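Worksheet for the structure shown next.
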Amino acid sequence: MNMPATKIEVESATPAAIAAPVVAMRPKRPPRRETYARMARETAVRVIPPLVVIALLTLVWELVCRRAGSALPPPSRVFKDTKELILDPFFDHGGIDKGLFWHLSASLQRVALGYSLSAVAGIALGVLVGQSVWAMRGLDPLFQVLRTIPPLAWLPLSLAAFRDGQPSAIFVIFITSIWPIIINTAVGIRNIPQDYRNVAAVVQLNPLEFFSKIMIPAAAPYIFTGLRIGIGLSWLAIVAAEMLIGGVGIGFFIWDAWNSSHISEIILALFYVGIVGFVLDRLIAGLGKFVTRGTAQN
């Protein structure tokens, strides 16, 4: 006969039932085919519209410039005239007779140095102006006046001071790109919420801790907005400055092509200038998005 379970047997069986393994239900992953299809659709939405616009503009350019008496060459002729430069951008025959890679590389080196100096000085001055009322009253009017001076207007003064084209070009980049960095950093510092400052006072952060943990993270979206504007101005300034200082650089390449009446080479160089400028802007935007965790404008 089956005997009824005693109280002790029931109680001893309860922990075993509780200790039984519980199988967690994982969410079902979508098939890889659906994932790849979604990625392809997102890529197509981003890539196809600009490609269509570029194709239409190229077609219009080809039709307009193929007419007799046109001052500009059509795209087909540009490619024919610059085919060697496109296929071999790394040649170096000495002097200024170099491929476009070396001209772009020289320009980017100048931009990297001048822009780095402007970023460091601009953020420091922006923090000073944004944090101190007296500094803002004393320096802000001066900054507003100096930032309206065109980049090339600084070149004769820098040539007179440095007596060399290389540091003069770097100074023009520096003085052109520093103003948006200063202004945007100062605005970001002034817009730090008062609650953040109150918390810093409660936990008794020292000035260095307040700068690194409160000030810079809160103002980072504004700072990277200024840095994006600054990198664009840097690239514009170096191309203009190199037209006057000579030597190796994409700006001098454009000016030399103009003196030689090689219009197709000018168009090719402008295409590369635009592509490099776009890449530089995307790099700063991507860095800002990474540092600010998506709060910076992209």
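Residues in the structure tokens are numbered from 1 in each chain, the chains being A, B, ... in the order shown, and ligands are numbered from 1 in the order shown.
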
*Within 8 Å of region 181-191 of chain A, counting only C-alpha atoms, which residues show up once you throw out same-chain ones fewer than 5 positions away? Write them as a list of chain:residue names, please.*
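Close residues of region 181-191 of chain A: A:Ser118, A:Ala119, A:Gly122, A:Ile123, A:Ala124, A:Leu125, A:Gly126, A:Val127, A:Leu128, A:Val129, A:Gly130, A:Gln131, A:Met215, A:Ala218, A:Ala219, A:Ala220, A:Pro221, A:Tyr222, A:Ile223, A:Thr225, A:Gly226, A:Leu227, A:Ile229, A:Gly230.
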
Could you give me, as CSV, every region 65-112 of chain A residue with an atom at most 12 Å from region 160-174 of chain A, plus its closest atom pair and distance in Å to one decimal, counting only C-alpha atoms, rows ordered by chain then number?
```
residue,atom,partner,partner_atom,distance
A:Ala106,CA,A:Gln166,CA,10.2
A:Ser107,CA,A:Ala169,CA,9.5
A:Leu108,CA,A:Ile170,CA,10.8
A:Gln109,CA,A:Ile170,CA,9.4
A:Arg110,CA,A:Ile170,CA,5.8
A:Val111,CA,A:Ile173,CA,6.6
A:Ala112,CA,A:Ile170,CA,9.0
```

Selected residues written out with all heavy atoms, as a PDB file, in the first residue's frame:
```pdb
ATOM      1  N   ALA A 106      51.474  67.261 -47.895  1.00  0.00           N
ATOM      2  CA  ALA A 106      52.112  68.469 -47.373  1.00  0.00           C
ATOM      3  C   ALA A 106      51.080  69.428 -46.784  1.00  0.00           C
ATOM      4  O   ALA A 106      51.293  70.021 -45.713  1.00  0.00           O
ATOM      5  CB  ALA A 106      52.911  69.163 -48.478  1.00  0.00           C
ATOM      6  N   SER A 107      49.954  69.585 -47.458  1.00  0.00           N
ATOM      7  CA  SER A 107      48.902  70.467 -46.941  1.00  0.00           C
ATOM      8  C   SER A 107      48.327  69.929 -45.640  1.00  0.00           C
ATOM      9  O   SER A 107      48.081  70.688 -44.692  1.00  0.00           O
ATOM     10  CB  SER A 107      47.798  70.622 -47.983  1.00  0.00           C
ATOM     11  OG  SER A 107      48.286  71.210 -49.168  1.00  0.00           O
ATOM     12  N   LEU A 108      48.096  68.619 -45.572  1.00  0.00           N
ATOM     13  CA  LEU A 108      47.530  68.024 -44.362  1.00  0.00           C
ATOM     14  C   LEU A 108      48.487  68.138 -43.179  1.00  0.00           C
ATOM     15  O   LEU A 108      48.046  68.297 -42.033  1.00  0.00           O
ATOM     16  CB  LEU A 108      47.171  66.566 -44.616  1.00  0.00           C
ATOM     17  CG  LEU A 108      45.926  66.327 -45.480  1.00  0.00           C
ATOM     18  CD1 LEU A 108      45.787  64.852 -45.825  1.00  0.00           C
ATOM     19  CD2 LEU A 108      44.677  66.816 -44.760  1.00  0.00           C
ATOM     20  N   GLN A 109      49.779  68.057 -43.431  1.00  0.00           N
ATOM     21  CA  GLN A 109      50.741  68.217 -42.344  1.00  0.00           C
ATOM     22  C   GLN A 109      50.677  69.631 -41.765  1.00  0.00           C
ATOM     23  O   GLN A 109      50.719  69.811 -40.542  1.00  0.00           O
ATOM     24  CB  GLN A 109      52.150  67.910 -42.843  1.00  0.00           C
ATOM     25  CG  GLN A 109      52.383  66.443 -43.155  1.00  0.00           C
ATOM     26  CD  GLN A 109      53.765  66.193 -43.719  1.00  0.00           C
ATOM     27  OE1 GLN A 109      54.688  66.981 -43.541  1.00  0.00           O
ATOM     28  NE2 GLN A 109      53.926  65.078 -44.421  1.00  0.00           N
ATOM     29  N   ARG A 110      50.574  70.622 -42.627  1.00  0.00           N
ATOM     30  CA  ARG A 110      50.447  72.002 -42.147  1.00  0.00           C
ATOM     31  C   ARG A 110      49.143  72.190 -41.379  1.00  0.00           C
ATOM     32  O   ARG A 110      49.120  72.840 -40.329  1.00  0.00           O
ATOM     33  CB  ARG A 110      50.522  72.970 -43.327  1.00  0.00           C
ATOM     34  CG  ARG A 110      51.843  72.941 -44.090  1.00  0.00           C
ATOM     35  CD  ARG A 110      51.886  74.018 -45.163  1.00  0.00           C
ATOM     36  NE  ARG A 110      53.139  73.974 -45.905  1.00  0.00           N
ATOM     37  CZ  ARG A 110      53.253  73.570 -47.167  1.00  0.00           C
ATOM     38  NH1 ARG A 110      52.168  73.183 -47.838  1.00  0.00           N
ATOM     39  NH2 ARG A 110      54.425  73.555 -47.770  1.00  0.00           N
ATOM     40  N   VAL A 111      48.077  71.618 -41.902  1.00  0.00           N
ATOM     41  CA  VAL A 111      46.786  71.743 -41.230  1.00  0.00           C
ATOM     42  C   VAL A 111      46.814  71.052 -39.873  1.00  0.00           C
ATOM     43  O   VAL A 111      46.283  71.577 -38.879  1.00  0.00           O
ATOM     44  CB  VAL A 111      45.662  71.165 -42.119  1.00  0.00           C
ATOM     45  CG1 VAL A 111      44.374  71.012 -41.329  1.00  0.00           C
ATOM     46  CG2 VAL A 111      45.429  72.047 -43.324  1.00  0.00           C
ATOM     47  N   ALA A 112      47.418  69.878 -39.807  1.00  0.00           N
ATOM     48  CA  ALA A 112      47.465  69.140 -38.544  1.00  0.00           C
ATOM     49  C   ALA A 112      48.177  69.944 -37.465  1.00  0.00           C
ATOM     50  O   ALA A 112      47.711  70.013 -36.317  1.00  0.00           O
ATOM     51  CB  ALA A 112      48.156  67.793 -38.751  1.00  0.00           C
TER      52      ALA A 112
END
```

*For each of A:Leu244, A:Val145, A:Asn198, A:Glu265, take the minimum atom-to-atom distance to Leu159 (chain A), counting only C-alpha atoms, then give the residue where this is smallest.*
A:Leu244

_Can you measure CA of Leu233 (chain A) to CA of Gly251 (chain A) for me? One decimal in Å is fine._
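According to the coordinates, CA of Leu233 (chain A) and CA of Gly251 (chain A) are separated by 14.3 Å.
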
*Within 12 Å of Gly274 (chain A), counting only C-alpha atoms, which residues qualify if same-chain residues fewer than 6 places away don't, as a PyMOL selection string?*
chain A and resi 104+232+235-236+239+250+267-268+280-281

Residues of the last selection are to be written out with N, CA, C and O atoms, as a PDB file, in the first residue's frame.
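Wrote selection_26.pdb, looks like this:
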```pdb
ATOM      1  N   LEU A 104      48.786  66.838 -51.330  1.00  0.00           N
ATOM      2  CA  LEU A 104      47.791  66.734 -50.268  1.00  0.00           C
ATOM      3  C   LEU A 104      48.442  66.414 -48.930  1.00  0.00           C
ATOM      4  O   LEU A 104      48.032  66.946 -47.884  1.00  0.00           O
ATOM      5  N   GLY A 232      37.144  72.921 -40.809  1.00  0.00           N
ATOM      6  CA  GLY A 232      36.750  73.380 -42.137  1.00  0.00           C
ATOM      7  C   GLY A 232      37.456  74.672 -42.523  1.00  0.00           C
ATOM      8  O   GLY A 232      37.943  74.818 -43.651  1.00  0.00           O
ATOM      9  N   TRP A 235      41.158  74.006 -43.436  1.00  0.00           N
ATOM     10  CA  TRP A 235      41.367  73.475 -44.777  1.00  0.00           C
ATOM     11  C   TRP A 235      41.179  74.559 -45.831  1.00  0.00           C
ATOM     12  O   TRP A 235      41.895  74.608 -46.837  1.00  0.00           O
ATOM     13  N   LEU A 236      40.221  75.450 -45.608  1.00  0.00           N
ATOM     14  CA  LEU A 236      40.047  76.569 -46.531  1.00  0.00           C
ATOM     15  C   LEU A 236      41.258  77.497 -46.512  1.00  0.00           C
ATOM     16  O   LEU A 236      41.724  77.958 -47.557  1.00  0.00           O
ATOM     17  N   VAL A 239      44.583  76.086 -48.320  1.00  0.00           N
ATOM     18  CA  VAL A 239      44.521  76.099 -49.783  1.00  0.00           C
ATOM     19  C   VAL A 239      44.755  77.509 -50.297  1.00  0.00           C
ATOM     20  O   VAL A 239      45.500  77.716 -51.271  1.00  0.00           O
ATOM     21  N   ILE A 250      48.574  71.477 -52.057  1.00  0.00           N
ATOM     22  CA  ILE A 250      47.478  71.418 -53.009  1.00  0.00           C
ATOM     23  C   ILE A 250      47.092  72.807 -53.498  1.00  0.00           C
ATOM     24  O   ILE A 250      46.674  72.982 -54.647  1.00  0.00           O
ATOM     25  N   ILE A 267      40.289  71.316 -61.872  1.00  0.00           N
ATOM     26  CA  ILE A 267      39.033  70.657 -61.503  1.00  0.00           C
ATOM     27  C   ILE A 267      39.311  69.390 -60.703  1.00  0.00           C
ATOM     28  O   ILE A 267      38.642  69.107 -59.698  1.00  0.00           O
ATOM     29  N   LEU A 268      40.293  68.611 -61.125  1.00  0.00           N
ATOM     30  CA  LEU A 268      40.645  67.405 -60.383  1.00  0.00           C
ATOM     31  C   LEU A 268      41.109  67.748 -58.971  1.00  0.00           C
ATOM     32  O   LEU A 268      40.714  67.089 -57.999  1.00  0.00           O
ATOM     33  N   LEU A 280      37.770  65.080 -43.296  1.00  0.00           N
ATOM     34  CA  LEU A 280      38.211  65.737 -42.056  1.00  0.00           C
ATOM     35  C   LEU A 280      37.015  66.100 -41.175  1.00  0.00           C
ATOM     36  O   LEU A 280      37.043  65.906 -39.950  1.00  0.00           O
ATOM     37  N   ASP A 281      35.977  66.623 -41.795  1.00  0.00           N
ATOM     38  CA  ASP A 281      34.783  66.971 -41.023  1.00  0.00           C
ATOM     39  C   ASP A 281      34.147  65.735 -40.398  1.00  0.00           C
ATOM     40  O   ASP A 281      33.734  65.753 -39.234  1.00  0.00           O
TER      41      ASP A 281
END
```

*Of the candidates A:Pro217, A:Pro89, A:Pro180, A:Gly249, which one gets nearest to Val291 (chain A) if we count only C-alpha atoms?*
A:Pro217

*Pick from A:Trp61, A:Phe278, A:Phe224, A:Phe211: nearest to Phe290 (chain A), with only C-alpha atoms counted?*
A:Phe224

*Distance query Lys213 (chain A) at most 12 Å, only C-alpha atoms, self and fewer than 5 positions along chain excluded, as a list in words*: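 In the requested form, the answer reads Tyr196, Arg197, Val199, Ala200, Leu205, Asn206, Pro207, Leu208, Ala218, Ala219 and Ala220 of chain A.
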
Go ahead and write the residues just picked, all heavy atoms, as a compact mmCIF listing (two decimals), in the first residue's frame.
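Once everything was written out, this is part-v8.txt:
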```txt
# COMPACT_ATOMS: atom_id res chain seq x y z
N TYR A 196 24.91 71.25 -11.60
CA TYR A 196 26.23 70.61 -11.64
C TYR A 196 27.20 71.34 -10.72
O TYR A 196 28.00 70.72 -10.01
CB TYR A 196 26.78 70.60 -13.07
CG TYR A 196 26.04 69.70 -14.03
CD1 TYR A 196 24.87 69.03 -13.65
CD2 TYR A 196 26.50 69.51 -15.31
CE1 TYR A 196 24.19 68.21 -14.54
CE2 TYR A 196 25.84 68.69 -16.22
CZ TYR A 196 24.67 68.05 -15.82
OH TYR A 196 24.00 67.24 -16.70
N ARG A 197 27.14 72.66 -10.75
CA ARG A 197 28.04 73.45 -9.90
C ARG A 197 27.70 73.24 -8.42
O ARG A 197 28.60 73.19 -7.56
CB ARG A 197 27.95 74.92 -10.26
CG ARG A 197 28.33 75.22 -11.72
CD ARG A 197 28.21 76.70 -12.03
NE ARG A 197 28.46 76.99 -13.43
CZ ARG A 197 29.67 77.21 -13.96
NH1 ARG A 197 30.73 77.19 -13.15
NH2 ARG A 197 29.83 77.46 -15.24
N VAL A 199 26.40 70.50 -7.09
CA VAL A 199 26.89 69.18 -6.70
C VAL A 199 28.40 69.21 -6.48
O VAL A 199 28.91 68.62 -5.52
CB VAL A 199 26.51 68.14 -7.77
CG1 VAL A 199 27.20 66.81 -7.50
CG2 VAL A 199 25.00 67.95 -7.81
N ALA A 200 29.10 69.91 -7.35
CA ALA A 200 30.56 70.01 -7.18
C ALA A 200 30.92 70.69 -5.88
O ALA A 200 31.90 70.32 -5.22
CB ALA A 200 31.16 70.76 -8.36
N LEU A 205 34.72 69.34 -4.77
CA LEU A 205 35.69 69.07 -5.81
C LEU A 205 36.70 70.21 -5.88
O LEU A 205 36.33 71.39 -5.81
CB LEU A 205 35.00 68.91 -7.16
CG LEU A 205 34.04 67.73 -7.34
CD1 LEU A 205 33.43 67.74 -8.73
CD2 LEU A 205 34.74 66.41 -7.08
N ASN A 206 37.96 69.87 -6.04
CA ASN A 206 38.96 70.92 -6.23
C ASN A 206 38.88 71.42 -7.67
O ASN A 206 38.21 70.81 -8.52
CB ASN A 206 40.37 70.39 -5.90
CG ASN A 206 40.77 69.20 -6.75
OD1 ASN A 206 40.60 69.22 -7.96
ND2 ASN A 206 41.29 68.16 -6.11
N PRO A 207 39.55 72.52 -7.99
CA PRO A 207 39.42 73.09 -9.35
C PRO A 207 39.79 72.11 -10.46
O PRO A 207 39.14 72.08 -11.51
CB PRO A 207 40.38 74.28 -9.31
CG PRO A 207 40.41 74.69 -7.88
CD PRO A 207 40.30 73.42 -7.11
N LEU A 208 40.82 71.30 -10.26
CA LEU A 208 41.21 70.35 -11.29
C LEU A 208 40.15 69.27 -11.48
O LEU A 208 39.82 68.90 -12.62
CB LEU A 208 42.55 69.70 -10.93
CG LEU A 208 43.13 68.72 -11.96
CD1 LEU A 208 43.34 69.43 -13.29
CD2 LEU A 208 44.42 68.11 -11.46
N ALA A 218 30.51 68.52 -19.61
CA ALA A 218 29.27 69.26 -19.87
C ALA A 218 29.38 70.15 -21.10
O ALA A 218 28.39 70.33 -21.83
CB ALA A 218 28.93 70.12 -18.64
N ALA A 219 30.56 70.70 -21.35
CA ALA A 219 30.74 71.61 -22.48
C ALA A 219 31.23 70.89 -23.74
O ALA A 219 31.39 71.54 -24.78
CB ALA A 219 31.73 72.71 -22.11
N ALA A 220 31.45 69.59 -23.68
CA ALA A 220 32.02 68.85 -24.82
C ALA A 220 31.21 68.99 -26.11
O ALA A 220 31.81 69.17 -27.18
CB ALA A 220 32.19 67.38 -24.45
```

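Distance-wise, CA of Ser70 (chain A) and CA of Ser264 (chain A) end up 13.3 Å apart.
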
_Among listed residues A:Ile263, A:Ala121, A:Leu100, A:Ala269, nearest Val248 (chain A) (using only C-alpha atoms)_ = A:Leu100

*Report the residues of region 78-220 of chain A whose backbone DSSP state falls under helix (DSSP H, G or I), written as a PyMOL selection string.*
chain A and resi 78-81+83-87+100-131+133-146+151-162+165-190+194-202+207-220

Using only C-alpha atoms, what table do you get, as a Markdown table, when you list each residue of region 67-146 of chain A with an atom no more than 10 Å from region 44-60 of chain A, its nearest pair of atoms, and their distance in Å rounded to one decimal, rows by chain then rising number?
```
| residue | atom | partner | partner_atom | distance |
| --- | --- | --- | --- | --- |
| A:Pro74 | CA | A:Thr58 | CA | 8.6 |
| A:Pro75 | CA | A:Thr58 | CA | 7.0 |
| A:Ser76 | CA | A:Thr58 | CA | 9.7 |
```

Create the file for the chosen residues now, containing N, CA, C and O atoms and written as a PDB file, in the first residue's frame.
```pdb
ATOM      1  N   PRO A  74      34.292  69.376 -70.296  1.00  0.00           N
ATOM      2  CA  PRO A  74      33.306  68.439 -69.736  1.00  0.00           C
ATOM      3  C   PRO A  74      34.010  67.362 -68.909  1.00  0.00           C
ATOM      4  O   PRO A  74      35.234  67.203 -68.979  1.00  0.00           O
ATOM      5  N   PRO A  75      33.254  66.596 -68.119  1.00  0.00           N
ATOM      6  CA  PRO A  75      33.875  65.548 -67.290  1.00  0.00           C
ATOM      7  C   PRO A  75      34.678  64.538 -68.094  1.00  0.00           C
ATOM      8  O   PRO A  75      35.723  64.078 -67.623  1.00  0.00           O
ATOM      9  N   SER A  76      34.209  64.182 -69.277  1.00  0.00           N
ATOM     10  CA  SER A  76      34.942  63.203 -70.087  1.00  0.00           C
ATOM     11  C   SER A  76      36.323  63.718 -70.463  1.00  0.00           C
ATOM     12  O   SER A  76      37.310  62.973 -70.431  1.00  0.00           O
TER      13      SER A  76
END
```
